[in-house]
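Worksheet: the structure to be examined is printed underneath.
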There are 2 protein chains.
Amino acid sequence: MEQTCLKAREASLKLALWSDDQKNALLKAISENVSANTAKIAAANQKDLDEAEKMLAGGELSGPLVKRLSLQGPKIAQLNSYLESVASLPNPVGVKQFGMRLDNGMDLERVSCPLGVLAVIFESRPEVVVQVSALSIKSSNAVILKGGKEAKNSNRALWEIINETLVAFDLEGAVGLMESREDVDSILSQDKYVDLIIPRGGNAFVQYIQNNTKIPVLGHADGICHVYLDSEADKDMAIKLTLDSKLDYPSACNAVETLLVHESVAKGILPDLAAAFKKEGVELRGCESTTKIVAGLKEATADDWATEYTDLILSIKIVKTFEEAVTHINQYGSGHTDSIITENEETAETFMGSVDSGCVFHNASTRFSDGFVFGLGAEVGISTNKTHARGPVGLEGLVIYKYKLRASGQIKGDYSSGKKTFLHERLA
Amino acid sequence: MEQTCLKAREASLKLALWSDDQKNALLKAISENVSANTAKIAAANQKDLDEAEKMLAGGELSGPLVKRLSLQGPKIAQLNSYLESVASLPNPVGVKQFGMRLDNGMDLERVSCPLGVLAVIFESRPEVVVQVSALSIKSSNAVILKGGKEAKNSNRALWEIINETLVAFDLEGAVGLMESREDVDSILSQDKYVDLIIPRGGNAFVQYIQNNTKIPVLGHADGICHVYLDSEADKDMAIKLTLDSKLDYPSACNAVETLLVHESVAKGILPDLAAAFKKEGVELRGCESTTKIVAGLKEATADDWATEYTDLILSIKIVKTFEEAVTHINQYGSGHTDSIITENEETAETFMGSVDSGCVFHNASTRFSDGFVFGLGAEVGISTNKTHARGPVGLEGLVIYKYKLRASGQIKGDYSSGKKTFLHERLA
C-alpha cells in the first residue's frame, strides 16, 4: 500500500511539470487504447455482470446496482468522448492568480498547481476508473483508485489499459488500483501521502469515509435540499418548481426533501400542490398546520426534517416568518442547495445571503445544481464542505497554488533594518 | 460551550449580510473603546505580568513567554493602528469570482462569502484577541477565542471591551471567549458549529490540535525550510542568503534548518560559509561528506533532516544531483518555504515546479515568506495544508464562496427532455 502511495507521489511530481499538450496527448493515447480494447473491456464486464446476476437472484445485490455495473456497447464509446471532452478543457494548472513586485528584481507570483495524490473510493460504476483518471491527469495529479468488488473485473481491465498507456509515457504509478476491502482503511490512514479523498457513493459510505480519516474529503453525505415558498411567491411558479425539484430525478442529491411554506400563502397553494403531487404518487408528510390544510397527511416528525428520502416522499412545514424558514434551513439542511420562490427580489437576496449553503437559488428548481449545468465543463463531485471547494466542483477543486518568488540575491535583513523598503506594486 | 457556539453561529449569519461600511464602523468603534480603556487593559495585564514573574521565579514559565505577555504603553496604541489597517483592507466578502448565463433569465454567480464560525486557540500574546477579532469581523466571520491561562486577565479585559462594542452594534456573540483548559477539547469536537480552527503557538501545540479534531485546521506545525546551493550558484550570493535565512530571526518558522549543497560547489563554498556561521555562533551539523570538507563538525543524523531547530543550529547535506536535492526536500521538508540559489533560470524553474511547498524561491532568503512581506495586507497564519489555503494566508483564507442562481421559474425537466438547451454564456 505504502509502495503504491510512494509510486503515486513520485509520478505526481513528474506530472506537475507536464505541459497541457503532453497531458492531452496522454489522454488521447488512453482513448485510443480503450478503443483498441473494446472486446477486452466487454468481456471483463460480462464476468462482473454474470456474477452480479447470480447475486441478484440470491438477493445479495439490488437491481439498480446491477444496472449501474454495465459497461457494454455504447457505454464504452462514451468513455472516449469523455476523455476527449476532459482534454479539451482549459489547463487548471499554471494559472497565475496574483502577482506582486516586492521590490525591483524581486517578483512574487501565485500560481495554481496540482494537489499531489488523490484517492477516489467508489461503488459499482466502473466507468469511474476512466473518468477519474482523466480528471486527475488533466489536473496533473496522481490518483489511487479503489472500486467496489462487484465491478472487480471491469475495473481491473480498464486500469490495465490505462496503466499500459502510462508505462508507454514513462508515468507508471500515476494511476494506482487497490482491490481489497482492507485497502480502504489503509488509504484512509495515508495522510502523509494522500492529499484529498473523493468518495463516490451513497450516504452511509461517504459518512464512513468522512469519519475515519484525517485527510481532507471532498464530497457530501446528505443532500437535504429545501424549497421555500415566500409570502410573495407566484402560485403557478411555486407549484411548477416544487414539482420539478422533486420529480425530475427523485433519487438525486439535489432533489428537494422539505418544502417550507409561508403561512400567508399556505391555504392558497398547498391544496393544489398536494393534489398535483398525489397524482404523481408522491407521499407527503406535513407539520401540524399543514395537516389542517391538506387532509389525510401523515404528520412529519423532527426526523423528517433531517432525512434525505431520495424517494417519492416530501415533507412540508408551514412557517410563520421568512426568518423561521431561513433558521429551519440552516438547522436541518445539509448546505447543499436551497431555493426561494418569491416575486420580491430584496427578499430573495436576503435569502441567498442568509442561507448557509453552497447553492442558493431564486425562482429556480433545486435540480439545477450540477457541475455540467453550471458550465464547469466537468464535475468532480458536489461538496458541502466549508473550506477549499463548495457546491458543484470542477477541475479547479483538484488544484491548489504555490507562491513563487523570483529574486536576485535580496536578504530580509536589509528590510528588517529599514535599509530597504518594499515596493508592493501589484503586477497584472 | 454549545451555547457559545450557537450564539456565534447566529451572529455569523447576521454578519454575513453586513456591508463593508458597517464592518469598518464596528472596527472603528472597537478601536475607540480600546483607547478609552487603556488604563483597564494595562491594569489587567499587570496582574498577569505579576503572576508570570512569580511563575518565572519558580521556573514554571520561560523568560520569552513572559515577555510576549506584556501589553503596556505603546503596545496598546499598536492595537488601534492594527484595527485601522484591517478596516482599510478591501472587503473579502461579496467578491464576484465567476458568472455564467445558463439561459436567458437564468444567471449564475459565484461570490465569496464568510466561512461562518472560526475558533482561534492561542498561547500567551494577548493582543491576538484584538487582531483575530478584527480579521474575523472584516471577513464577516464569528470567532471563538481560547487564550492561554497566563494571559487570562489581559484576554478577558480585551474581550470585555470588544464585547461591549458588539452589544452596542447588536452583534453579541460574534466574538466568544473560552477560558478553561477543558474548553479546548470541547471546541475541537464542535465540528457541527465551527468551520475552521486556527492554532497559534508552538509545534507540539499545533500538532495536538491537528491530531484531535475533524474540523479543518489552518496552520503549520513544522517549518523545516531548505536552502539549496545549486552547481551554478554564485558563491557570494549563496553565503549571503544562507546567513540571512538562518540569522535574520532564527526562531521564526521561515528560518532555514537544512542547507543542501551540490557536490560540485561544496569545496568552493562550504569552508568560507562555515567560517562565517562560526563567527555568528551557529552550530553546524553535516553529512559525512560535509565533515570531510569542514573539520570538527558534528555529524548529522536522519533526525536532523527532520528537525526544526528554531535555534542557532544548521544541518548541511551534500547532494550528488539536483534531483537528490529535490527528493530530500520533498521527503523531509514541511512544505513551508524552500529556496534555490543558482544562476541558471531553467534549473530554478524546475526547482520551483518540483518542490512541493507553499513557497518556492529563487535567489531569495527563506525569510521573505510572510503575509505582510507578500503584500497580503494581513496575515492569518502560514499554512502547510494542501487544500483551501497555502503559504502565508491573508483574509481570503477566511472566506469561501457560494453559487447564487437568479432565475425566472425555469425547471430542469425542460432541459432534461431536450425542449430547451443551456446557453452557457460566460458573464464578465
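A note on labels: chains of the C-alpha cells are A, B, ... as shown, every chain counts residues from 1, and ligands are counted from 1 in their shown order.
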Selection near segment 102-117 of chain B, 7 Å with only C-alpha atoms, sequence-local residues under 2 positions removed, as a PDB file with N, CA and C atoms, in the first residue's frame:
```pdb
ATOM      1  N   PHE A 374     -23.860  24.057 -14.528  1.00  0.00           N
ATOM      2  CA  PHE A 374     -23.206  25.319 -14.181  1.00  0.00           C
ATOM      3  C   PHE A 374     -22.156  25.731 -15.216  1.00  0.00           C
ATOM      4  N   LYS A 386     -17.078  23.514   3.946  1.00  0.00           N
ATOM      5  CA  LYS A 386     -16.993  24.968   4.006  1.00  0.00           C
ATOM      6  C   LYS A 386     -15.609  25.466   3.584  1.00  0.00           C
TER       7      LYS A 386
ATOM      8  N   ALA B   8     -22.518  32.187  18.423  1.00  0.00           N
ATOM      9  CA  ALA B   8     -21.558  32.588  17.389  1.00  0.00           C
ATOM     10  C   ALA B   8     -22.154  32.342  16.003  1.00  0.00           C
ATOM     11  N   ARG B   9     -22.785  31.167  15.841  1.00  0.00           N
ATOM     12  CA  ARG B   9     -23.397  30.825  14.555  1.00  0.00           C
ATOM     13  C   ARG B   9     -24.473  31.847  14.184  1.00  0.00           C
ATOM     14  N   SER B  12     -22.898  35.051  13.216  1.00  0.00           N
ATOM     15  CA  SER B  12     -22.219  34.957  11.918  1.00  0.00           C
ATOM     16  C   SER B  12     -23.208  35.134  10.764  1.00  0.00           C
ATOM     17  N   ALA B  16     -22.897  38.035   7.971  1.00  0.00           N
ATOM     18  CA  ALA B  16     -22.793  37.678   6.550  1.00  0.00           C
ATOM     19  C   ALA B  16     -23.496  38.703   5.669  1.00  0.00           C
ATOM     20  N   VAL B  93     -15.434  39.773   1.297  1.00  0.00           N
ATOM     21  CA  VAL B  93     -16.749  39.143   1.112  1.00  0.00           C
ATOM     22  C   VAL B  93     -17.509  39.826  -0.025  1.00  0.00           C
ATOM     23  N   GLY B  94     -18.219  39.053  -0.813  1.00  0.00           N
ATOM     24  CA  GLY B  94     -19.033  39.627  -1.882  1.00  0.00           C
ATOM     25  C   GLY B  94     -18.265  39.821  -3.181  1.00  0.00           C
ATOM     26  N   VAL B  95     -17.078  39.241  -3.260  1.00  0.00           N
ATOM     27  CA  VAL B  95     -16.279  39.354  -4.483  1.00  0.00           C
ATOM     28  C   VAL B  95     -16.822  38.368  -5.528  1.00  0.00           C
ATOM     29  N   LYS B  96     -17.182  38.881  -6.696  1.00  0.00           N
ATOM     30  CA  LYS B  96     -17.688  38.007  -7.762  1.00  0.00           C
ATOM     31  C   LYS B  96     -16.523  37.271  -8.412  1.00  0.00           C
ATOM     32  N   GLN B  97     -16.592  35.946  -8.383  1.00  0.00           N
ATOM     33  CA  GLN B  97     -15.474  35.149  -8.877  1.00  0.00           C
ATOM     34  C   GLN B  97     -15.740  34.548 -10.246  1.00  0.00           C
ATOM     35  N   PHE B  98     -17.005  34.446 -10.606  1.00  0.00           N
ATOM     36  CA  PHE B  98     -17.368  33.691 -11.804  1.00  0.00           C
ATOM     37  C   PHE B  98     -18.816  34.011 -12.129  1.00  0.00           C
ATOM     38  N   GLY B  99     -19.122  34.171 -13.384  1.00  0.00           N
ATOM     39  CA  GLY B  99     -20.509  34.407 -13.777  1.00  0.00           C
ATOM     40  C   GLY B  99     -20.823  33.648 -15.054  1.00  0.00           C
ATOM     41  N   MET B 100     -21.991  33.060 -15.138  1.00  0.00           N
ATOM     42  CA  MET B 100     -22.363  32.280 -16.316  1.00  0.00           C
ATOM     43  C   MET B 100     -23.856  32.432 -16.570  1.00  0.00           C
ATOM     44  N   ALA B 119     -12.551  29.222  15.150  1.00  0.00           N
ATOM     45  CA  ALA B 119     -12.065  29.078  16.523  1.00  0.00           C
ATOM     46  C   ALA B 119     -10.570  29.325  16.489  1.00  0.00           C
ATOM     47  N   SER B 139     -13.886  39.797   7.752  1.00  0.00           N
ATOM     48  CA  SER B 139     -14.264  38.725   6.823  1.00  0.00           C
ATOM     49  C   SER B 139     -15.668  38.190   7.127  1.00  0.00           C
ATOM     50  N   SER B 140     -16.424  38.902   7.973  1.00  0.00           N
ATOM     51  CA  SER B 140     -17.816  38.548   8.315  1.00  0.00           C
ATOM     52  C   SER B 140     -17.965  37.199   8.990  1.00  0.00           C
ATOM     53  N   ASN B 141     -16.918  36.769   9.695  1.00  0.00           N
ATOM     54  CA  ASN B 141     -16.997  35.534  10.459  1.00  0.00           C
ATOM     55  C   ASN B 141     -17.173  35.826  11.943  1.00  0.00           C
ATOM     56  N   ALA B 142     -17.868  34.951  12.633  1.00  0.00           N
ATOM     57  CA  ALA B 142     -17.829  34.980  14.087  1.00  0.00           C
ATOM     58  C   ALA B 142     -16.605  34.194  14.523  1.00  0.00           C
ATOM     59  N   VAL B 143     -16.139  34.435  15.751  1.00  0.00           N
ATOM     60  CA  VAL B 143     -14.937  33.738  16.209  1.00  0.00           C
ATOM     61  C   VAL B 143     -15.060  33.380  17.684  1.00  0.00           C
ATOM     62  N   TYR B 193     -20.517  23.142  14.530  1.00  0.00           N
ATOM     63  CA  TYR B 193     -20.667  24.594  14.643  1.00  0.00           C
ATOM     64  C   TYR B 193     -19.442  25.389  14.199  1.00  0.00           C
ATOM     65  N   VAL B 194     -18.285  24.761  14.285  1.00  0.00           N
ATOM     66  CA  VAL B 194     -17.048  25.502  13.986  1.00  0.00           C
ATOM     67  C   VAL B 194     -16.543  25.083  12.606  1.00  0.00           C
ATOM     68  N   ASP B 195     -16.247  26.073  11.765  1.00  0.00           N
ATOM     69  CA  ASP B 195     -15.873  25.774  10.384  1.00  0.00           C
ATOM     70  C   ASP B 195     -14.375  25.719  10.152  1.00  0.00           C
ATOM     71  N   LEU B 196     -13.616  26.390  11.000  1.00  0.00           N
ATOM     72  CA  LEU B 196     -12.162  26.412  10.813  1.00  0.00           C
ATOM     73  C   LEU B 196     -11.495  26.698  12.153  1.00  0.00           C
ATOM     74  N   LEU B 398     -10.085  33.211   5.018  1.00  0.00           N
ATOM     75  CA  LEU B 398     -11.220  33.155   5.949  1.00  0.00           C
ATOM     76  C   LEU B 398     -12.560  33.185   5.213  1.00  0.00           C
ATOM     77  N   VAL B 399     -12.523  33.131   3.896  1.00  0.00           N
ATOM     78  CA  VAL B 399     -13.779  33.108   3.147  1.00  0.00           C
ATOM     79  C   VAL B 399     -13.841  31.879   2.253  1.00  0.00           C
ATOM     80  N   ILE B 400     -15.041  31.562   1.832  1.00  0.00           N
ATOM     81  CA  ILE B 400     -15.262  30.527   0.833  1.00  0.00           C
ATOM     82  C   ILE B 400     -16.215  31.183  -0.172  1.00  0.00           C
ATOM     83  N   TYR B 401     -16.954  30.444  -0.915  1.00  0.00           N
ATOM     84  CA  TYR B 401     -17.857  31.061  -1.883  1.00  0.00           C
ATOM     85  C   TYR B 401     -19.169  30.295  -1.893  1.00  0.00           C
ATOM     86  N   LYS B 402     -20.178  30.895  -2.477  1.00  0.00           N
ATOM     87  CA  LYS B 402     -21.422  30.177  -2.744  1.00  0.00           C
ATOM     88  C   LYS B 402     -21.879  30.517  -4.155  1.00  0.00           C
ATOM     89  N   TYR B 403     -22.659  29.617  -4.719  1.00  0.00           N
ATOM     90  CA  TYR B 403     -23.242  29.866  -6.034  1.00  0.00           C
ATOM     91  C   TYR B 403     -24.641  30.436  -5.845  1.00  0.00           C
ATOM     92  N   LYS B 404     -24.909  31.575  -6.493  1.00  0.00           N
ATOM     93  CA  LYS B 404     -26.251  32.159  -6.466  1.00  0.00           C
ATOM     94  C   LYS B 404     -26.833  32.062  -7.876  1.00  0.00           C
ATOM     95  N   LEU B 405     -27.992  31.478  -7.956  1.00  0.00           N
ATOM     96  CA  LEU B 405     -28.656  31.365  -9.257  1.00  0.00           C
ATOM     97  C   LEU B 405     -29.925  32.214  -9.225  1.00  0.00           C
ATOM     98  N   ARG B 406     -29.964  33.220 -10.094  1.00  0.00           N
ATOM     99  CA  ARG B 406     -31.140  34.093 -10.177  1.00  0.00           C
ATOM    100  C   ARG B 406     -31.902  33.733 -11.444  1.00  0.00           C
ATOM    101  N   ALA B 407     -33.074  33.118 -11.250  1.00  0.00           N
ATOM    102  CA  ALA B 407     -33.806  32.589 -12.402  1.00  0.00           C
ATOM    103  C   ALA B 407     -35.212  33.176 -12.454  1.00  0.00           C
ATOM    104  N   SER B 408     -36.012  32.675 -13.371  1.00  0.00           N
ATOM    105  CA  SER B 408     -37.369  33.207 -13.517  1.00  0.00           C
ATOM    106  C   SER B 408     -38.369  32.075 -13.751  1.00  0.00           C
ATOM    107  N   PHE B 422     -29.053  24.699 -22.674  1.00  0.00           N
ATOM    108  CA  PHE B 422     -28.349  25.737 -21.920  1.00  0.00           C
ATOM    109  C   PHE B 422     -27.543  26.637 -22.857  1.00  0.00           C
ATOM    110  N   LEU B 423     -27.456  27.907 -22.501  1.00  0.00           N
ATOM    111  CA  LEU B 423     -26.669  28.869 -23.283  1.00  0.00           C
ATOM    112  C   LEU B 423     -25.182  28.790 -22.911  1.00  0.00           C
ATOM    113  N   HIS B 424     -24.920  28.746 -21.616  1.00  0.00           N
ATOM    114  CA  HIS B 424     -23.528  28.753 -21.107  1.00  0.00           C
ATOM    115  C   HIS B 424     -22.706  29.884 -21.693  1.00  0.00           C
ATOM    116  N   GLU B 425     -23.195  31.085 -21.437  1.00  0.00           N
ATOM    117  CA  GLU B 425     -22.510  32.290 -21.909  1.00  0.00           C
ATOM    118  C   GLU B 425     -21.774  32.896 -20.729  1.00  0.00           C
TER     119      GLU B 425
END
```
**Request:** List every residue of segment 184-359 of chain A that DSSP, applied to the backbone, labels as strand (DSSP E), and write the result as JSON, numbers by chain.
**Result:** {"A": [196, 197, 198, 199, 200, 225, 226, 227, 228, 229, 256, 257, 258, 259, 260, 261, 262, 283, 284, 285, 286, 298, 299, 313, 314, 315, 316, 317, 318, 319, 337, 338, 339, 340, 341, 359]}
**Prompt:** Within 7 Å of segment 338-348 of chain A, counting only C-alpha atoms, which residues qualify if same-chain residues fewer than 3 places away don't, as a list of chain:residue names?
**Reply:**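 In the requested format, the answer is A:Cys225, A:His226, A:Val227, A:Tyr228, A:Leu229, A:Asp230, A:Glu232, A:Ala233, A:Asp234, A:Ala238, A:Phe351, A:Met352, A:Cys359, A:Val360, A:Phe361, A:His362, A:Asn363, A:Ala364, A:Thr366.
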Take the residues just selected and output them with C-alpha atoms as a compact mmCIF listing (two decimals), in the first residue's frame.
```
# COMPACT_ATOMS: atom_id res chain seq x y z
CA CYS A 225 -32.47 20.45 -0.09
CA HIS A 226 -35.30 22.91 0.54
CA VAL A 227 -37.74 24.91 -1.49
CA TYR A 228 -39.22 27.88 0.38
CA LEU A 229 -42.46 29.41 -0.88
CA ASP A 230 -42.34 33.01 0.30
CA GLU A 232 -44.83 36.80 -2.25
CA ALA A 233 -44.46 33.58 -4.25
CA ASP A 234 -46.25 33.27 -7.59
CA ALA A 238 -44.36 27.70 -6.90
CA PHE A 351 -32.39 34.60 1.47
CA MET A 352 -29.34 33.95 -0.69
CA CYS A 359 -26.03 26.72 -3.84
CA VAL A 360 -28.75 29.27 -3.13
CA PHE A 361 -31.37 29.82 -5.82
CA HIS A 362 -34.12 32.30 -6.60
CA ASN A 363 -37.11 31.09 -8.62
CA ALA A 364 -35.27 28.01 -9.83
CA THR A 366 -33.03 22.79 -6.95
```
For Leu177 of chain A, find every residue with an atom within 10 Å (counting only C-alpha atoms), except residues of its own chain fewer than 3 positions away, and show them as a CSV table (one decimal) with C-alpha atoms, in the first residue's frame.
```csv
chain,number,residue,atom,x,y,z
A,1,MET,CA,0.0,0.0,0.0
A,4,THR,CA,1.5,2.3,-4.3
A,119,ALA,CA,-7.6,8.8,-3.6
A,120,VAL,CA,-11.0,8.0,-5.1
A,129,VAL,CA,-12.0,4.4,-13.4
A,143,VAL,CA,-4.7,9.1,-8.2
A,144,ILE,CA,-5.2,5.9,-6.3
A,145,LEU,CA,-8.5,4.1,-7.2
A,146,LYS,CA,-10.5,1.7,-5.1
A,147,GLY,CA,-13.6,0.4,-6.6
A,155,ASN,CA,-12.1,-2.0,-13.0
A,156,ARG,CA,-9.0,-4.1,-13.5
A,159,TRP,CA,-7.0,0.1,-15.2
A,160,GLU,CA,-4.7,-2.2,-17.2
A,163,ASN,CA,-1.6,1.7,-17.0
A,173,GLY,CA,2.2,4.9,-10.9
A,180,SER,CA,-9.2,-5.4,-1.4
A,183,ASP,CA,-7.1,-1.3,1.3
```
List as a compact mmCIF listing (two decimals) with C-alpha atoms, in the first residue's frame the protein and nucleic acid residues near Ala43 of chain A, meaning an atom at most 12 Å away when only C-alpha atoms are counted, but skip any in the same chain fewer than 4 places from it.
```txt
# COMPACT_ATOMS: atom_id res chain seq x y z
CA ASN A 37 -9.50 -2.96 -26.24
CA THR A 38 -13.30 -2.77 -26.56
CA ALA A 39 -13.60 -6.56 -26.65
CA LYS A 47 -17.87 -11.59 -16.00
CA ASP A 48 -18.95 -9.00 -13.42
CA LEU A 49 -22.47 -8.92 -14.85
CA ASP A 50 -22.79 -12.71 -14.70
CA SER A 70 -22.99 -2.48 -17.12
CA LEU A 71 -20.26 -1.31 -19.48
CA GLN A 72 -21.40 -2.67 -22.82
CA GLY A 73 -21.86 -1.30 -26.34
CA ILE A 76 -17.57 2.08 -23.97
CA ASN A 153 -13.03 -7.43 -13.40
CA SER A 154 -14.21 -4.32 -15.23
CA ASN A 155 -12.15 -2.04 -13.02
CA ARG A 156 -9.02 -4.13 -13.50
CA ALA A 157 -9.44 -4.29 -17.28
CA LEU A 158 -9.87 -0.53 -17.53
```
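Shortest atom-to-atom contact with Ala295 of chain B among B:Leu314, B:Asn91, B:Ala221, B:Leu270: B:Leu270, counting only C-alpha atoms.
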**Request:** Please measure the separation of atom CA of Val130 of chain B and atom CA of Gly371 of chain B, giving the value in Å to one decimal.
**Result:** 18.1 Å
**Asked** Excluding same-chain residues fewer than 4 positions from segment 256-266 of chain A, what lies within 9 Å of it counting only C-alpha atoms, as a PyMOL selection string?
**Response** chain A and resi 223-233+235+242+244-247+250+270-271+289-290+293+304-305+307-311+313-322+325+328-329+337-338+365-367
**Request:** Measuring atom to atom with only C-alpha atoms, identify which of B:Glu299, B:Glu164, B:Glu283, B:Asp191 is nearest to chain A.
**Result:**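 Distance minimum relative to chain A lands on B:Asp191.
Between atom CA of Pro90 of chain B and atom CA of Leu427 of chain A there is a distance of 17.1 Å.
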**Request:** Using only C-alpha atoms, determine which residues lie at most 12 Å from Ala25 of chain A, disregarding the query and same-chain residues fewer than 3 positions distant; provide the list as a list in words.
**Result:**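 That gives Trp18, Ser19, Asp20, Asp21, Gln22, Lys28, Ala29, Ile30, Ser31, Glu32, Leu83, Glu84, Val86, Ala87, Ser88, Ala134, Ile137, Lys138, Thr165, Leu166, Ala168 and Phe169 of chain A.
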Once you have the residues from the selection above, write them out as a PDB file, in the first residue's frame, restricted to N, CA, C and O atoms.
```
ATOM      1  N   TRP A  18       4.430  18.638 -16.339  1.00  0.00           N
ATOM      2  CA  TRP A  18       3.959  18.394 -17.710  1.00  0.00           C
ATOM      3  C   TRP A  18       3.163  19.569 -18.265  1.00  0.00           C
ATOM      4  O   TRP A  18       2.382  20.202 -17.558  1.00  0.00           O
ATOM      5  N   SER A  19       3.346  19.815 -19.548  1.00  0.00           N
ATOM      6  CA  SER A  19       2.576  20.861 -20.229  1.00  0.00           C
ATOM      7  C   SER A  19       1.176  20.325 -20.537  1.00  0.00           C
ATOM      8  O   SER A  19       0.933  19.114 -20.488  1.00  0.00           O
ATOM      9  N   ASP A  20       0.278  21.249 -20.883  1.00  0.00           N
ATOM     10  CA  ASP A  20      -1.077  20.839 -21.239  1.00  0.00           C
ATOM     11  C   ASP A  20      -1.064  19.923 -22.460  1.00  0.00           C
ATOM     12  O   ASP A  20      -1.815  18.944 -22.514  1.00  0.00           O
ATOM     13  N   ASP A  21      -0.200  20.233 -23.423  1.00  0.00           N
ATOM     14  CA  ASP A  21      -0.115  19.396 -24.630  1.00  0.00           C
ATOM     15  C   ASP A  21       0.281  17.966 -24.287  1.00  0.00           C
ATOM     16  O   ASP A  21      -0.265  17.009 -24.845  1.00  0.00           O
ATOM     17  N   GLN A  22       1.249  17.828 -23.403  1.00  0.00           N
ATOM     18  CA  GLN A  22       1.669  16.485 -23.005  1.00  0.00           C
ATOM     19  C   GLN A  22       0.523  15.713 -22.356  1.00  0.00           C
ATOM     20  O   GLN A  22       0.301  14.540 -22.624  1.00  0.00           O
ATOM     21  N   LYS A  28      -5.369  11.323 -25.088  1.00  0.00           N
ATOM     22  CA  LYS A  28      -5.722  10.822 -26.421  1.00  0.00           C
ATOM     23  C   LYS A  28      -5.238   9.370 -26.569  1.00  0.00           C
ATOM     24  O   LYS A  28      -5.971   8.514 -27.085  1.00  0.00           O
ATOM     25  N   ALA A  29      -4.040   9.106 -26.100  1.00  0.00           N
ATOM     26  CA  ALA A  29      -3.492   7.749 -26.203  1.00  0.00           C
ATOM     27  C   ALA A  29      -4.312   6.762 -25.373  1.00  0.00           C
ATOM     28  O   ALA A  29      -4.537   5.624 -25.779  1.00  0.00           O
ATOM     29  N   ILE A  30      -4.765   7.207 -24.213  1.00  0.00           N
ATOM     30  CA  ILE A  30      -5.626   6.333 -23.394  1.00  0.00           C
ATOM     31  C   ILE A  30      -6.917   6.043 -24.146  1.00  0.00           C
ATOM     32  O   ILE A  30      -7.387   4.903 -24.203  1.00  0.00           O
ATOM     33  N   SER A  31      -7.472   7.083 -24.753  1.00  0.00           N
ATOM     34  CA  SER A  31      -8.715   6.919 -25.508  1.00  0.00           C
ATOM     35  C   SER A  31      -8.526   5.896 -26.629  1.00  0.00           C
ATOM     36  O   SER A  31      -9.367   5.015 -26.835  1.00  0.00           O
ATOM     37  N   GLU A  32      -7.408   6.008 -27.339  1.00  0.00           N
ATOM     38  CA  GLU A  32      -7.134   5.057 -28.426  1.00  0.00           C
ATOM     39  C   GLU A  32      -6.969   3.633 -27.894  1.00  0.00           C
ATOM     40  O   GLU A  32      -7.426   2.671 -28.487  1.00  0.00           O
ATOM     41  N   LEU A  83     -13.102  11.236 -22.406  1.00  0.00           N
ATOM     42  CA  LEU A  83     -11.669  11.548 -22.406  1.00  0.00           C
ATOM     43  C   LEU A  83     -11.357  12.753 -23.286  1.00  0.00           C
ATOM     44  O   LEU A  83     -10.576  13.633 -22.926  1.00  0.00           O
ATOM     45  N   GLU A  84     -12.026  12.800 -24.440  1.00  0.00           N
ATOM     46  CA  GLU A  84     -11.813  13.947 -25.342  1.00  0.00           C
ATOM     47  C   GLU A  84     -12.308  15.240 -24.721  1.00  0.00           C
ATOM     48  O   GLU A  84     -11.661  16.280 -24.836  1.00  0.00           O
ATOM     49  N   VAL A  86     -12.602  16.033 -21.569  1.00  0.00           N
ATOM     50  CA  VAL A  86     -11.704  16.493 -20.489  1.00  0.00           C
ATOM     51  C   VAL A  86     -10.437  17.097 -21.089  1.00  0.00           C
ATOM     52  O   VAL A  86      -9.945  18.130 -20.634  1.00  0.00           O
ATOM     53  N   ALA A  87      -9.910  16.468 -22.143  1.00  0.00           N
ATOM     54  CA  ALA A  87      -8.699  17.006 -22.782  1.00  0.00           C
ATOM     55  C   ALA A  87      -8.934  18.417 -23.302  1.00  0.00           C
ATOM     56  O   ALA A  87      -8.046  19.266 -23.256  1.00  0.00           O
ATOM     57  N   SER A  88     -10.166  18.689 -23.758  1.00  0.00           N
ATOM     58  CA  SER A  88     -10.437  19.988 -24.368  1.00  0.00           C
ATOM     59  C   SER A  88     -10.645  21.106 -23.341  1.00  0.00           C
ATOM     60  O   SER A  88     -10.742  22.281 -23.705  1.00  0.00           O
ATOM     61  N   ALA A 134      -8.960  10.540 -16.011  1.00  0.00           N
ATOM     62  CA  ALA A 134      -8.885  11.688 -16.918  1.00  0.00           C
ATOM     63  C   ALA A 134      -8.816  13.004 -16.147  1.00  0.00           C
ATOM     64  O   ALA A 134      -7.967  13.863 -16.425  1.00  0.00           O
ATOM     65  N   ILE A 137      -5.322  13.290 -14.428  1.00  0.00           N
ATOM     66  CA  ILE A 137      -4.226  13.604 -15.355  1.00  0.00           C
ATOM     67  C   ILE A 137      -4.328  15.063 -15.808  1.00  0.00           C
ATOM     68  O   ILE A 137      -3.343  15.792 -15.802  1.00  0.00           O
ATOM     69  N   LYS A 138      -5.539  15.487 -16.169  1.00  0.00           N
ATOM     70  CA  LYS A 138      -5.712  16.864 -16.656  1.00  0.00           C
ATOM     71  C   LYS A 138      -5.291  17.884 -15.595  1.00  0.00           C
ATOM     72  O   LYS A 138      -4.814  18.959 -15.902  1.00  0.00           O
ATOM     73  N   THR A 165      -0.811   2.465 -21.087  1.00  0.00           N
ATOM     74  CA  THR A 165      -0.503   3.747 -21.736  1.00  0.00           C
ATOM     75  C   THR A 165       0.428   4.588 -20.861  1.00  0.00           C
ATOM     76  O   THR A 165       1.355   5.233 -21.360  1.00  0.00           O
ATOM     77  N   LEU A 166       0.189   4.569 -19.563  1.00  0.00           N
ATOM     78  CA  LEU A 166       1.054   5.333 -18.656  1.00  0.00           C
ATOM     79  C   LEU A 166       2.496   4.844 -18.743  1.00  0.00           C
ATOM     80  O   LEU A 166       3.438   5.647 -18.760  1.00  0.00           O
ATOM     81  N   ALA A 168       3.922   3.478 -21.267  1.00  0.00           N
ATOM     82  CA  ALA A 168       4.469   3.959 -22.540  1.00  0.00           C
ATOM     83  C   ALA A 168       4.875   5.425 -22.449  1.00  0.00           C
ATOM     84  O   ALA A 168       5.787   5.882 -23.137  1.00  0.00           O
ATOM     85  N   PHE A 169       4.208   6.171 -21.585  1.00  0.00           N
ATOM     86  CA  PHE A 169       4.520   7.599 -21.402  1.00  0.00           C
ATOM     87  C   PHE A 169       5.479   7.823 -20.225  1.00  0.00           C
ATOM     88  O   PHE A 169       5.666   8.945 -19.774  1.00  0.00           O
TER      89      PHE A 169
END
```
**Request:** List every residue of segment 350-415 of chain B that DSSP, applied to the backbone of this structure, places in helix (DSSP H, G or I), and write the result as a PyMOL selection string.
**Result:** chain B and resi 350-354+366-368+395-398+413-415
**Request:** May I ask for the distance between atom CA of Glu324 of chain A and atom CA of Ala274 of chain A, given in Å to one decimal place?
**Result:**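 Distance between the two atoms: 22.2 Å.
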